[in-house]
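Notes for the one structure printed next.
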Amino acid sequence: MEQVFAPWRIEWVERSESPAEREECVFCAFATSEEDYENRVVARSEHGFVLLNNYPYSPGHAMVIPHRHTNEYTALAEEELLGHALLKQRTLRAIEAAFDPDGVNMGYNLGAGAGGSIEHLHAHAVPRWEGDTNFMAVIGDTQVIVEALEDSYDRLHEAFAAQEGTRAPEQDTDAEHAVRIGP
Ligand SMILES: [Zn+2]
């Protein structure tokens, strides 16, 4: 049987080295934090937010995260599911506009048996190009990766801000805060 290639199995890696700082769920912390640029939260809606992966399989690798702390997709209420789906659709549009990839992998790791390492549901969106290889494995240079994340943030921020029904915060020339989706 042909093996299905699933780059979203590469999980998000926390920046903090301190176990004490990891006691709180990092996605819940990002949901209420104002430090969007530092956290790489690029867009926010009523039900969730879009975060750049700190360990990108490819440039533009993002995650769509509902606010509710659960690792069970089946636990989401209809309204949350719809909000999550709409945010995924907007994320796909933003990735296509910002990076013009040949394709996008989108998927979940639900449960430890599937490679899930964070107890908070998140959908990976991974832009793909013909013949691409794992960006992190190729680059390996921390400074280059940080610069690539900053570049990806700016590009996605601009793409989200260009969508209808969004508003970038005031004084947002430096993209300090996530693009707001909806009223
Ligand atoms: Zn959480």
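Residue numbering restarts at 1 for every chain of the structure tokens, chains are lettered A, B, ... in their displayed order, and ligands are numbered from 1 as they appear.
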
I need the strand (DSSP E or B) residues of chain A per DSSP on the backbone, written as a PyMOL selection string.
chain A and resi 41-44+48-52+62-66+103-107+123-128+166-167+179-181

Do a neighbour search on Gly182 (chain A) at 7 Å with only C-alpha atoms, toss out local chain neighbours closer than 5 positions, and write the hits as a PyMOL selection string. chain A and resi 45+165-166

Atoms to include: C-alpha atoms. Write the selected residues as an mmCIF file, in the first residue's frame.
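The result, written out as part.cif:
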data_model
loop_
_atom_site.group_PDB
_atom_site.id
_atom_site.type_symbol
_atom_site.label_atom_id
_atom_site.label_comp_id
_atom_site.auth_asym_id
_atom_site.auth_seq_id
_atom_site.Cartn_x
_atom_site.Cartn_y
_atom_site.Cartn_z
ATOM 1 C CA SER A 45 -12.261 35.517 14.742
ATOM 2 C CA GLY A 165 -15.132 41.276 6.370
ATOM 3 C CA THR A 166 -11.845 41.822 8.146
#

Could you produce a table of the residues of region 117-138 of chain A lying within 8 Å of region 46-69 of chain A, with the nearest pair of atoms per residue and their separation in Å rounded to one decimal, using only C-alpha atoms, ordered by chain and increasing residue number, as CSV?
residue,atom,partner,partner_atom,distance
A:Glu119,CA,A:His69,CA,7.6
A:His120,CA,A:His69,CA,5.4
A:Leu121,CA,A:Ile65,CA,6.3
A:His122,CA,A:Ile65,CA,4.6
A:Ala123,CA,A:Val64,CA,5.1
A:His124,CA,A:Met63,CA,4.5
A:Ala125,CA,A:Ala62,CA,5.2
A:Val126,CA,A:His61,CA,4.6
A:Pro127,CA,A:His61,CA,6.3
A:Arg128,CA,A:Ser58,CA,7.1
A:Thr133,CA,A:Ser58,CA,7.9
A:Asn134,CA,A:Tyr57,CA,5.2
A:Phe135,CA,A:Ser58,CA,5.0
A:Met136,CA,A:Tyr57,CA,6.3

Using only C-alpha atoms and all ligand atoms, the residue out of A:Gly113, A:Glu80, A:Ala159, A:Asn71 with shortest distance to ligand 1 is A:Asn71

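Going from CA of Glu164 (chain A) over to CA of Asp100 (chain A), you cover 19.1 Å.
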
- prompt: Which residue gives the smallest distance to ligand 1 among A:Val144, A:Ile118, A:Leu92, A:His84, with only C-alpha atoms and all ligand atoms counted?
  reply: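 The shortest atom-to-atom distance to ligand 1 comes from A:Ile118.
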
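The spacing separating atom 1 (Zn, counted along the ligand's line) of ligand 1 from CA of Gly111 (chain A) amounts to 14.4 Å.
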
For His177 (chain A), the closest of A:Leu110, A:Leu81, A:Ala161, A:Leu149 counting only C-alpha atoms is A:Ala161

| said: One number please: CA of Lys88 (chain A) to CA of Glu35 (chain A), in Å, one decimal. | reply: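 Value for the CA of Lys88 (chain A)-CA of Glu35 (chain A) distance: 22.0 Å.
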
*Selected residue of minimal separation from Gln163 (chain A) among A:Ala43, A:Val138, A:Ala77, A:Ile145, counting only C-alpha atoms*: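 Nearest to Gln163 (chain A): A:Ala43.
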